[in-house]
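Engineer: Structure file start_2.cif, mmCIF, C-alpha atoms, is pasted below:
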data_final
#
loop_
_atom_site.label_atom_id
_atom_site.label_comp_id
_atom_site.auth_asym_id
_atom_site.auth_seq_id
_atom_site.Cartn_x
_atom_site.Cartn_y
_atom_site.Cartn_z
CA MET N 1 -200.03 127.64 50.72
CA ILE N 2 -197.30 128.30 53.29
CA ILE N 3 -197.95 124.86 54.78
CA ASN N 4 -197.60 123.30 51.33
CA LYS N 5 -194.19 124.94 50.90
CA VAL N 6 -192.93 123.03 53.90
CA ARG N 7 -194.90 119.82 53.48
CA ALA N 8 -194.20 119.19 49.81
CA PRO N 9 -190.41 118.66 50.04
CA ILE N 10 -190.89 116.50 53.14
CA ALA N 11 -193.39 114.30 51.29
CA LEU N 12 -191.00 114.07 48.32
CA PHE N 13 -188.18 113.15 50.69
CA ALA N 14 -190.30 110.39 52.25
CA VAL N 15 -191.20 108.95 48.83
CA LEU N 16 -187.57 109.00 47.64
CA PHE N 17 -186.20 107.46 50.83
CA THR N 18 -188.81 104.67 50.84
CA LEU N 19 -187.89 103.88 47.24
CA TRP N 20 -184.22 103.79 48.22
CA LEU N 21 -184.94 101.38 51.07
CA LEU N 22 -186.90 99.07 48.77
CA LEU N 23 -184.22 99.14 46.06
CA SER N 24 -181.19 98.62 48.27
CA GLY N 25 -182.87 96.00 50.45
CA THR N 26 -180.42 96.34 53.36
CA LEU N 27 -180.35 98.28 56.61
CA ALA N 28 -176.56 98.74 56.69
CA ILE N 29 -175.68 102.09 58.22
CA ASP N 30 -173.51 103.39 55.34
CA VAL N 31 -176.15 102.55 52.70
CA LEU N 32 -178.81 104.28 54.80
CA ALA N 33 -176.61 107.35 55.20
CA ILE N 34 -176.06 107.69 51.44
CA GLY N 35 -179.79 107.26 50.85
CA LEU N 36 -180.65 109.93 53.40
CA LEU N 37 -178.12 112.34 51.91
CA VAL N 38 -179.20 111.85 48.28
CA SER N 39 -182.95 111.97 49.09
CA PHE N 40 -182.42 115.14 51.10
CA ALA N 41 -180.40 116.76 48.31
CA ILE N 42 -183.03 115.96 45.67
CA ALA N 43 -185.91 117.10 47.89
CA PHE N 44 -184.02 120.33 48.62
CA LEU N 45 -183.20 121.05 44.96
CA LEU N 46 -186.77 120.33 43.83
CA ARG N 47 -188.44 122.13 46.75
CA ASP N 48 -190.35 124.52 44.46
CA SER N 49 -191.63 121.99 41.94
CA SER N 50 -192.67 119.27 44.41
CA VAL N 51 -196.08 120.80 45.20
CA LEU N 52 -197.76 117.75 43.66
CA TYR N 53 -196.65 115.59 46.59
CA ALA N 54 -198.48 117.70 49.16
CA GLU N 55 -201.86 117.62 47.44
CA PRO N 56 -203.29 114.49 49.15
CA HIS N 57 -204.72 115.27 52.58
CA PRO N 58 -202.75 113.54 55.37
CA THR N 59 -205.84 112.66 57.42
CA PRO N 60 -206.94 109.19 58.62
CA ILE N 61 -210.13 109.36 56.52
CA ALA N 62 -208.08 110.10 53.41
CA PHE N 63 -205.86 107.13 54.22
CA LEU N 64 -208.90 104.87 54.53
CA ALA N 65 -210.11 106.22 51.18
CA VAL N 66 -206.76 105.29 49.63
CA VAL N 67 -207.17 101.70 50.80
CA LEU N 68 -210.79 101.47 49.60
CA TYR N 69 -209.83 103.12 46.32
CA PHE N 70 -207.10 100.54 45.81
CA PHE N 71 -209.50 97.60 46.21
CA TYR N 72 -212.18 99.22 44.04
CA PHE N 73 -209.49 99.83 41.44
CA LEU N 74 -208.27 96.22 41.50
CA LYS N 75 -211.83 94.99 41.03
CA GLU N 76 -212.35 97.29 38.04
CA LEU N 77 -208.97 96.29 36.58
CA VAL N 78 -209.83 92.59 36.63
CA LYS N 79 -213.29 93.29 35.17
CA SER N 80 -211.82 95.41 32.39
CA ASN N 81 -209.22 92.82 31.46
CA ILE N 82 -211.76 90.04 31.24
CA MET N 83 -214.05 92.25 29.17
CA VAL N 84 -211.33 93.16 26.66
CA ALA N 85 -210.13 89.56 26.50
CA GLY N 86 -213.73 88.52 25.79
CA ILE N 87 -214.02 91.04 22.96
CA VAL N 88 -210.75 89.91 21.40
CA LEU N 89 -211.70 86.24 21.57
CA THR N 90 -215.22 86.71 20.15
CA PRO N 91 -215.00 86.02 16.39
CA SER N 92 -217.37 88.86 15.44
CA MET N 93 -215.54 91.54 17.54
CA PRO N 94 -218.52 93.39 19.10
CA ILE N 95 -217.02 96.89 19.24
CA ASN N 96 -218.43 100.35 18.70
CA PRO N 97 -215.56 102.75 19.37
CA GLY N 98 -215.74 106.51 19.77
CA ILE N 99 -214.39 109.43 21.77
CA VAL N 100 -216.70 110.91 24.43
CA LYS N 101 -216.33 113.91 26.70
CA VAL N 102 -216.72 113.91 30.48
CA ARG N 103 -216.35 116.48 33.25
CA THR N 104 -214.52 116.01 36.54
CA ARG N 105 -215.11 117.86 39.81
CA LEU N 106 -211.53 117.33 40.99
CA LYS N 107 -209.46 120.49 41.26
CA SER N 108 -205.91 119.34 42.01
CA ARG N 109 -203.51 118.34 39.26
CA SER N 110 -202.35 115.05 40.73
CA GLY N 111 -205.97 114.10 41.50
CA ARG N 112 -206.84 114.56 37.83
CA LEU N 113 -203.75 112.62 36.81
CA LEU N 114 -204.74 109.70 39.02
CA LEU N 115 -208.29 109.84 37.68
CA ALA N 116 -207.06 109.78 34.07
CA ASN N 117 -204.77 106.87 34.89
CA SER N 118 -207.55 104.91 36.56
CA ILE N 119 -209.92 105.51 33.66
CA THR N 120 -207.32 104.20 31.25
CA LEU N 121 -207.10 100.93 33.14
CA THR N 122 -210.83 100.28 33.50
CA PRO N 123 -213.42 98.66 31.22
CA GLY N 124 -212.86 99.64 27.62
CA THR N 125 -211.91 103.26 28.29
CA LEU N 126 -208.75 105.22 27.46
CA THR N 127 -208.06 108.85 28.30
CA VAL N 128 -206.94 110.66 25.16
CA GLU N 129 -206.82 114.29 26.25
CA LEU N 130 -207.11 116.33 29.45
CA ARG N 131 -208.22 119.95 29.21
CA ASP N 132 -208.96 121.74 32.49
CA GLU N 133 -212.01 119.97 33.87
CA TRP N 134 -212.79 118.12 30.65
CA LEU N 135 -211.55 114.65 29.87
CA TYR N 136 -211.79 113.14 26.41
CA ILE N 137 -212.13 109.38 26.61
CA HIS N 138 -211.89 106.75 23.92
CA TRP N 139 -214.57 104.18 24.67
CA ILE N 140 -214.52 100.82 22.98
CA THR N 141 -218.27 100.21 23.34
CA VAL N 142 -220.00 103.60 23.26
CA GLU N 143 -223.37 103.37 24.99
CA SER N 144 -224.21 107.07 25.20
CA THR N 145 -222.68 110.39 24.20
CA ASP N 146 -224.50 112.57 26.72
CA ILE N 147 -221.95 114.24 29.03
CA ASP N 148 -223.87 113.64 32.28
CA VAL N 149 -224.72 110.01 31.57
CA VAL N 150 -221.16 109.18 30.55
CA THR N 151 -219.71 111.03 33.55
CA ALA N 152 -221.90 109.01 35.92
CA ARG N 153 -220.99 105.81 34.11
CA ILE N 154 -217.20 106.20 33.89
CA VAL N 155 -215.96 108.86 36.29
CA ALA N 156 -218.26 108.79 39.34
CA GLY N 157 -216.96 105.52 40.82
CA PHE N 158 -213.38 106.76 41.12
CA GLU N 159 -214.23 110.35 41.89
CA ARG N 160 -216.06 109.31 45.04
CA TYR N 161 -212.78 108.18 46.61
CA LEU N 162 -210.46 110.71 45.01
CA GLU N 163 -212.57 113.60 46.30
CA VAL N 164 -211.94 112.43 49.86
CA ILE N 165 -208.21 112.04 49.22
CA TYR N 166 -207.63 115.33 47.44
CA GLY N 167 -210.60 117.39 48.63
CA MET T 1 -197.31 73.64 51.85
CA GLY T 2 -194.31 74.38 49.65
CA ILE T 3 -195.66 72.24 46.83
CA ILE T 4 -199.12 73.81 46.99
CA LEU T 5 -197.58 77.27 46.79
CA ASP T 6 -195.43 76.11 43.85
CA VAL T 7 -198.46 74.89 41.92
CA ILE T 8 -200.50 78.04 42.67
CA GLY T 9 -197.56 80.18 41.60
CA GLY T 10 -197.10 78.19 38.39
CA LEU T 11 -200.79 78.45 37.55
CA LEU T 12 -200.71 82.22 38.14
CA LEU T 13 -197.71 82.43 35.79
CA ILE T 14 -199.65 80.57 33.10
CA GLY T 15 -202.74 82.74 33.70
CA GLY T 16 -200.68 85.91 33.30
CA ALA T 17 -198.97 84.59 30.18
CA SER T 18 -202.37 83.71 28.66
CA PHE T 19 -203.51 87.30 29.17
CA LEU T 20 -200.39 88.40 27.30
CA VAL T 21 -201.29 86.04 24.43
CA VAL T 22 -204.82 87.48 24.31
CA CYS T 23 -203.27 90.94 24.22
CA GLY T 24 -201.02 89.99 21.32
CA LEU T 25 -204.00 88.55 19.49
CA GLY T 26 -205.96 91.74 20.17
CA LEU T 27 -203.10 93.79 18.76
CA ILE T 28 -203.44 91.87 15.50
CA ARG T 29 -207.22 91.66 15.32
CA MET T 30 -208.32 95.16 16.40
CA PRO T 31 -209.32 97.38 13.47
CA ASP T 32 -207.75 100.75 14.32
CA LEU T 33 -205.01 102.30 16.42
CA PHE T 34 -207.05 103.33 19.45
CA THR T 35 -208.65 99.93 19.93
CA ARG T 36 -205.19 98.41 19.57
CA ILE T 37 -203.91 100.63 22.35
CA GLN T 38 -206.85 99.45 24.46
CA ALA T 39 -206.01 95.80 23.89
CA GLY T 40 -202.34 96.58 24.50
CA THR T 41 -202.69 98.35 27.84
CA LYS T 42 -205.45 96.39 29.56
CA ALA T 43 -204.54 92.80 29.05
CA THR T 44 -200.82 93.41 29.54
CA THR T 45 -201.25 95.15 32.90
CA LEU T 46 -203.20 92.28 34.44
CA GLY T 47 -200.99 89.77 32.66
CA THR T 48 -197.79 91.26 34.07
CA LEU T 49 -199.26 91.69 37.56
CA LEU T 50 -200.49 88.07 37.63
CA THR T 51 -197.07 86.84 36.51
CA LEU T 52 -195.37 88.86 39.23
CA VAL T 53 -197.75 87.52 41.90
CA GLY T 54 -197.04 84.02 40.62
CA ALA T 55 -193.30 84.65 40.80
CA THR T 56 -193.73 85.91 44.37
CA CYS T 57 -195.48 82.62 45.26
CA LEU T 58 -192.57 80.65 43.83
CA ARG T 59 -189.85 82.84 45.37
CA PRO T 60 -191.18 84.77 48.38
CA GLU T 61 -187.69 86.15 49.09
CA TRP T 62 -187.80 88.17 45.84
CA GLY T 63 -191.02 89.83 46.94
CA ILE T 64 -189.77 93.40 47.32
CA GLU T 65 -188.11 93.61 43.92
CA LEU T 66 -191.10 92.03 42.21
CA LEU T 67 -193.36 94.49 44.03
CA LEU T 68 -191.26 97.37 42.67
CA ILE T 69 -191.51 96.06 39.09
CA GLY T 70 -195.26 95.64 39.60
CA LEU T 71 -195.72 99.16 40.94
CA PHE T 72 -193.69 100.55 38.09
CA THR T 73 -195.68 98.82 35.33
CA PHE T 74 -198.86 99.71 37.16
CA PHE T 75 -198.14 103.45 37.00
CA THR T 76 -196.30 103.74 33.69
CA ASN T 77 -198.48 101.49 31.52
CA PRO T 78 -201.54 103.75 31.45
CA LEU T 79 -199.34 106.83 31.14
CA SER T 80 -197.49 105.64 28.05
CA SER T 81 -200.71 104.47 26.41
CA HIS T 82 -202.33 107.82 27.14
CA VAL T 83 -199.40 109.74 25.66
CA LEU T 84 -199.48 107.50 22.58
CA ALA T 85 -203.22 107.97 22.11
CA ARG T 86 -202.88 111.73 22.40
CA ALA T 87 -199.96 111.85 19.99
CA ALA T 88 -201.85 109.71 17.49
CA HIS T 89 -204.95 111.87 17.76
CA ARG T 90 -203.03 115.11 17.35
CA SER T 91 -201.03 113.84 14.40
CA GLY T 92 -204.20 112.91 12.55
CA VAL T 93 -204.35 109.13 12.73
CA ARG T 94 -208.04 109.51 13.62
CA LYS T 95 -208.90 109.99 9.96
CA LEU T 96 -208.15 106.33 9.37
CA SER T 97 -210.15 105.14 12.35
CA THR T 98 -213.56 103.52 12.52
CA MET T 99 -214.99 105.72 15.28
CA LYS T 100 -218.66 106.71 15.24
CA VAL T 101 -218.36 109.82 17.43
CA ASP T 102 -215.31 111.96 18.12
CA ARG T 103 -216.02 114.80 20.55
CA LEU T 104 -212.38 115.76 20.70
CA ALA T 105 -212.14 116.38 16.96
CA GLU T 106 -215.40 118.37 17.16
CA ASP T 107 -213.98 120.56 19.93
CA THR T 108 -210.65 121.24 18.25
CA GLY T 109 -212.54 122.19 15.10
CA GLY T 110 -210.97 119.45 13.00
CA GLU T 111 -207.59 121.18 12.71
CA SER T 112 -204.51 119.90 14.48
CA MET U 1 -193.65 70.50 38.74
CA GLY U 2 -193.03 74.19 39.36
CA ASN U 3 -190.32 74.25 36.71
CA PHE U 4 -192.57 72.60 34.14
CA LEU U 5 -195.23 75.27 34.67
CA ILE U 6 -192.59 77.97 34.24
CA TYR U 7 -191.65 76.53 30.84
CA VAL U 8 -195.30 76.41 29.75
CA ALA U 9 -195.70 80.06 30.76
CA ALA U 10 -192.50 80.92 28.88
CA ALA U 11 -193.88 79.25 25.74
CA LEU U 12 -197.07 81.34 26.03
CA VAL U 13 -195.03 84.51 26.49
CA GLY U 14 -193.09 83.58 23.34
CA LEU U 15 -196.35 83.20 21.43
CA ALA U 16 -197.52 86.61 22.66
CA PHE U 17 -194.18 88.05 21.56
CA ILE U 18 -194.67 86.66 18.03
CA PHE U 19 -198.18 88.16 17.81
CA ALA U 20 -197.02 91.58 18.95
CA PHE U 21 -194.02 91.39 16.62
CA THR U 22 -196.35 90.69 13.68
CA ARG U 23 -198.10 93.98 14.40
CA PHE U 24 -194.72 95.66 14.73
CA ILE U 25 -193.73 94.49 11.23
CA LYS U 26 -197.11 95.20 9.62
CA GLY U 27 -197.59 98.72 10.92
CA PRO U 28 -199.26 100.38 9.00
CA SER U 29 -198.56 103.74 10.67
CA ALA U 30 -195.60 104.69 12.85
CA ALA U 31 -197.94 105.00 15.84
CA ASP U 32 -199.05 101.38 15.39
CA ARG U 33 -195.44 100.30 15.53
CA VAL U 34 -194.83 102.26 18.71
CA VAL U 35 -197.88 100.63 20.34
CA ALA U 36 -196.55 97.24 19.30
CA PHE U 37 -193.13 98.19 20.67
CA ASP U 38 -194.67 99.22 23.99
CA VAL U 39 -196.44 95.88 24.26
CA LEU U 40 -193.26 94.05 23.24
CA THR U 41 -191.31 95.62 26.10
CA ILE U 42 -193.99 94.66 28.62
CA ILE U 43 -193.94 91.11 27.30
CA SER U 44 -190.14 91.09 27.51
CA ILE U 45 -190.26 92.21 31.15
CA THR U 46 -192.48 89.22 31.91
CA GLY U 47 -190.04 87.06 29.93
CA ILE U 48 -187.09 88.34 31.97
CA VAL U 49 -188.92 87.58 35.22
CA LEU U 50 -189.59 84.05 33.96
CA GLY U 51 -185.93 83.76 33.03
CA ALA U 52 -184.95 84.81 36.54
CA LEU U 53 -187.27 82.13 37.94
CA ALA U 54 -185.96 79.40 35.64
CA GLY U 55 -182.31 80.31 36.21
CA GLU U 56 -182.82 81.11 39.91
CA ARG U 57 -180.91 84.37 39.60
CA SER U 58 -182.41 87.42 41.28
CA ILE U 59 -179.97 89.73 39.49
CA TYR U 60 -182.16 89.47 36.36
CA LEU U 61 -184.93 91.24 38.25
CA ASP U 62 -182.79 94.37 38.40
CA VAL U 63 -182.38 94.08 34.63
CA ALA U 64 -186.18 93.91 34.29
CA LEU U 65 -186.61 96.98 36.47
CA VAL U 66 -184.10 99.09 34.54
CA TYR U 67 -185.53 97.84 31.25
CA ALA U 68 -189.02 98.90 32.32
CA LEU U 69 -187.72 102.35 33.21
CA LEU U 70 -185.82 102.89 29.96
CA SER U 71 -188.53 101.53 27.66
CA PHE U 72 -191.10 103.79 29.30
CA LEU U 73 -188.92 106.81 28.60
CA GLY U 74 -188.33 105.59 25.06
CA VAL U 75 -192.03 105.27 24.31
CA ILE U 76 -192.74 108.73 25.75
CA VAL U 77 -189.98 110.31 23.65
CA VAL U 78 -191.12 108.65 20.41
CA ALA U 79 -194.73 109.60 21.14
CA ARG U 80 -193.72 113.23 21.63
CA TYR U 81 -191.83 113.04 18.35
CA ILE U 82 -194.89 111.74 16.48
CA GLU U 83 -196.92 114.51 18.04
CA GLY U 84 -194.39 117.09 16.84
CA GLY U 85 -194.33 118.64 20.29
CA PHE U 86 -190.64 119.40 20.64
#
Write out the structure in this file as structure tokens.

Structural biologist:
Amino acid sequence: MIINKVRAPIALFAVLFTLWLLLSGTLAIDVLAIGLLVSFAIAFLLRDSSVLYAEPHPTPIAFLAVVLYFFYFLKELVKSNIMVAGIVLTPSMPINPGIVKVRTRLKSRSGRLLLANSITLTPGTLTVELRDEWLYIHWITVESTDIDVVTARIVAGFERYLEVIYG
Amino acid sequence: MGIILDVIGGLLLIGGASFLVVCGLGLIRMPDLFTRIQAGTKATTLGTLLTLVGATCLRPEWGIELLLIGLFTFFTNPLSSHVLARAAHRSGVRKLSTMKVDRLAEDTGGES
Amino acid sequence: MGNFLIYVAAALVGLAFIFAFTRFIKGPSAADRVVAFDVLTIISITGIVLGALAGERSIYLDVALVYALLSFLGVIVVARYIEGGF
């Protein structure tokens, strides 16, 4: 945890400064100096509550997992959009909505947040509530209500990558 | 080359806008709140992203700003829909819904 | 050619706006209206980007960015209010 105390504000600083660079869009020395100063001040003031930023592992394998996760996610996003568009455009509206419960193996808070976010954007599913390791998911076409079956169906694909990133 | 990129960009713009139309239609046609949120979040995310990619094809020099808008919608869209769904469920909108199963209501014991 | 396609896309965005606005008027619950409002803001952001393209002004993109930020906060606040979580 000592390492996290040091790493978290640095990670926050890096995120803030990158955002500043993208927003300002110049490399003028005065603009850079203001950005450095403000990012440092914010990272310093929030040093105790920035633990979230140190949760991903900074290893090469985790980085590779981030890239793979991103492409898997894009694929699922396109699939989900086409599926929902298909449902909306079908005159009979083939839906069977319900809320199901799944379990996640992820321990870290930001890992669970990312998982919930990803689930919301993928085929016909929407995270309604997060309670410890349980996620409650609204599913537009319920195929099963058994916890293990649903977990394998909805969560497993993302969890595979997120487990590498967050451990 | 410039013309090809222009046409691809324009087609991407139209594709994204069509997804937005489908989303609006879904908002009207879906029977209850949760399915409306589904239609609202999915189709709009891809619609907006496609439009932004199309705009980047037309104006490559705006790339960074468009990327920022894209990233922002990408992260906030699911969050706001999740918060809305939770608020609706807690405030009891579920009683009006057409859901077959509701594990969350079972676990909270029906009170909220 | 490119400009023509932009106008077609803008017309489609307008149509989407009308659909979402219908839901906004009809309701029936407050939560439905907030969902419609959320979708309306996303559609407007796309509209602003199209406006920037048609008018060739990159300053509108900053407007879109700030609008996205504020509307997100607005939706969160209203959702918390519906929830009664203050």

Engineer: Write out as a list of chain:residue names the residues lying within 12 Å of Leu67 (chain T), counting all atoms listed in the file and excluding same-chain residues fewer than 6 positions away.

Structural biologist: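 Listing them by chain and then by number gives N:Leu19, N:Leu22, N:Leu23, T:Thr48, T:Leu49, T:Leu50, T:Thr51, T:Leu52, T:Val53, T:Gly54, T:Ala55, T:Thr56, T:Pro60, T:Glu61, T:Thr73, T:Phe74, U:Leu61, U:Asp62, U:Leu65.
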
Engineer: Could you tell me how far CA of Arg80 (chain U) sits from CA of Ser80 (chain T), in Å to one decimal place?

Structural biologist: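 Rounded to one decimal, the two atoms are 10.6 Å apart.
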
Engineer: Expand the PyMOL selection byres ((chain N and resi 111) around 9) into the explicit residue set it covers here, and present it as an MDAnalysis selection string.

Structural biologist: chainID N and resid 55:56 106:110 112:116 162:163 165:166

Engineer: Using the chain letters and numbers from the file, which residues does the PyMOL selection byres ((chain T) within 6 of (chain U)) grab, as a list in words?

Structural biologist: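 This file gives the following for the PyMOL selection byres ((chain T) within 6 of (chain U)): Asp6, Gly10, Leu13, Ile14, Ala17, Leu20, Val21, Gly24, Ile28, Gly40, Ile69, Leu84, Ala87 and Ser91 of chain T.
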
Engineer: Which residues fall under the PyMOL selection byres ((chain N) within 9 of (chain T)) in this file, as a compact mmCIF listing (two decimals) with C-alpha atoms, in the coordinates of the input?

Structural biologist:
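Once written, out27.txt looks like this:
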# COMPACT_ATOMS: atom_id res chain seq x y z
CA LEU N 19 -187.89 103.88 47.24
CA LEU N 22 -186.90 99.07 48.77
CA LEU N 23 -184.22 99.14 46.06
CA GLY N 25 -182.87 96.00 50.45
CA LEU N 77 -208.97 96.29 36.58
CA VAL N 78 -209.83 92.59 36.63
CA SER N 80 -211.82 95.41 32.39
CA ASN N 81 -209.22 92.82 31.46
CA ILE N 82 -211.76 90.04 31.24
CA VAL N 84 -211.33 93.16 26.66
CA ALA N 85 -210.13 89.56 26.50
CA ILE N 87 -214.02 91.04 22.96
CA VAL N 88 -210.75 89.91 21.40
CA LEU N 89 -211.70 86.24 21.57
CA MET N 93 -215.54 91.54 17.54
CA ILE N 95 -217.02 96.89 19.24
CA ASN N 96 -218.43 100.35 18.70
CA PRO N 97 -215.56 102.75 19.37
CA GLY N 98 -215.74 106.51 19.77
CA ILE N 99 -214.39 109.43 21.77
CA VAL N 100 -216.70 110.91 24.43
CA LYS N 101 -216.33 113.91 26.70
CA ALA N 116 -207.06 109.78 34.07
CA ASN N 117 -204.77 106.87 34.89
CA SER N 118 -207.55 104.91 36.56
CA ILE N 119 -209.92 105.51 33.66
CA THR N 120 -207.32 104.20 31.25
CA LEU N 121 -207.10 100.93 33.14
CA THR N 122 -210.83 100.28 33.50
CA PRO N 123 -213.42 98.66 31.22
CA GLY N 124 -212.86 99.64 27.62
CA THR N 125 -211.91 103.26 28.29
CA LEU N 126 -208.75 105.22 27.46
CA THR N 127 -208.06 108.85 28.30
CA VAL N 128 -206.94 110.66 25.16
CA GLU N 129 -206.82 114.29 26.25
CA TYR N 136 -211.79 113.14 26.41
CA ILE N 137 -212.13 109.38 26.61
CA HIS N 138 -211.89 106.75 23.92
CA TRP N 139 -214.57 104.18 24.67
CA ILE N 140 -214.52 100.82 22.98
CA VAL N 142 -220.00 103.60 23.26
CA THR N 145 -222.68 110.39 24.20

Engineer: Which residues come within 12 Å of Phe63 (chain N), counting all atoms listed in the file, excluding same-chain residues fewer than 3 positions away, as a PDB file with C-alpha atoms, in the frame of the given file?

Structural biologist:
ATOM      1  CA  PRO N  56    -203.290 114.490  49.150  1.00  0.00           C
ATOM      2  CA  HIS N  57    -204.720 115.270  52.580  1.00  0.00           C
ATOM      3  CA  PRO N  58    -202.750 113.540  55.370  1.00  0.00           C
ATOM      4  CA  THR N  59    -205.840 112.660  57.420  1.00  0.00           C
ATOM      5  CA  PRO N  60    -206.940 109.190  58.620  1.00  0.00           C
ATOM      6  CA  VAL N  66    -206.760 105.290  49.630  1.00  0.00           C
ATOM      7  CA  VAL N  67    -207.170 101.700  50.800  1.00  0.00           C
ATOM      8  CA  LEU N  68    -210.790 101.470  49.600  1.00  0.00           C
ATOM      9  CA  TYR N  69    -209.830 103.120  46.320  1.00  0.00           C
ATOM     10  CA  PHE N  70    -207.100 100.540  45.810  1.00  0.00           C
ATOM     11  CA  TYR N 161    -212.780 108.180  46.610  1.00  0.00           C
ATOM     12  CA  LEU N 162    -210.460 110.710  45.010  1.00  0.00           C
ATOM     13  CA  VAL N 164    -211.940 112.430  49.860  1.00  0.00           C
ATOM     14  CA  ILE N 165    -208.210 112.040  49.220  1.00  0.00           C
ATOM     15  CA  TYR N 166    -207.630 115.330  47.440  1.00  0.00           C
TER      16      TYR N 166
END

Engineer: Record the distance separating CA of Ile61 (chain N) and CA of Phe158 (chain N), expressed in Å with one decimal.

Structural biologist: 16.0 Å
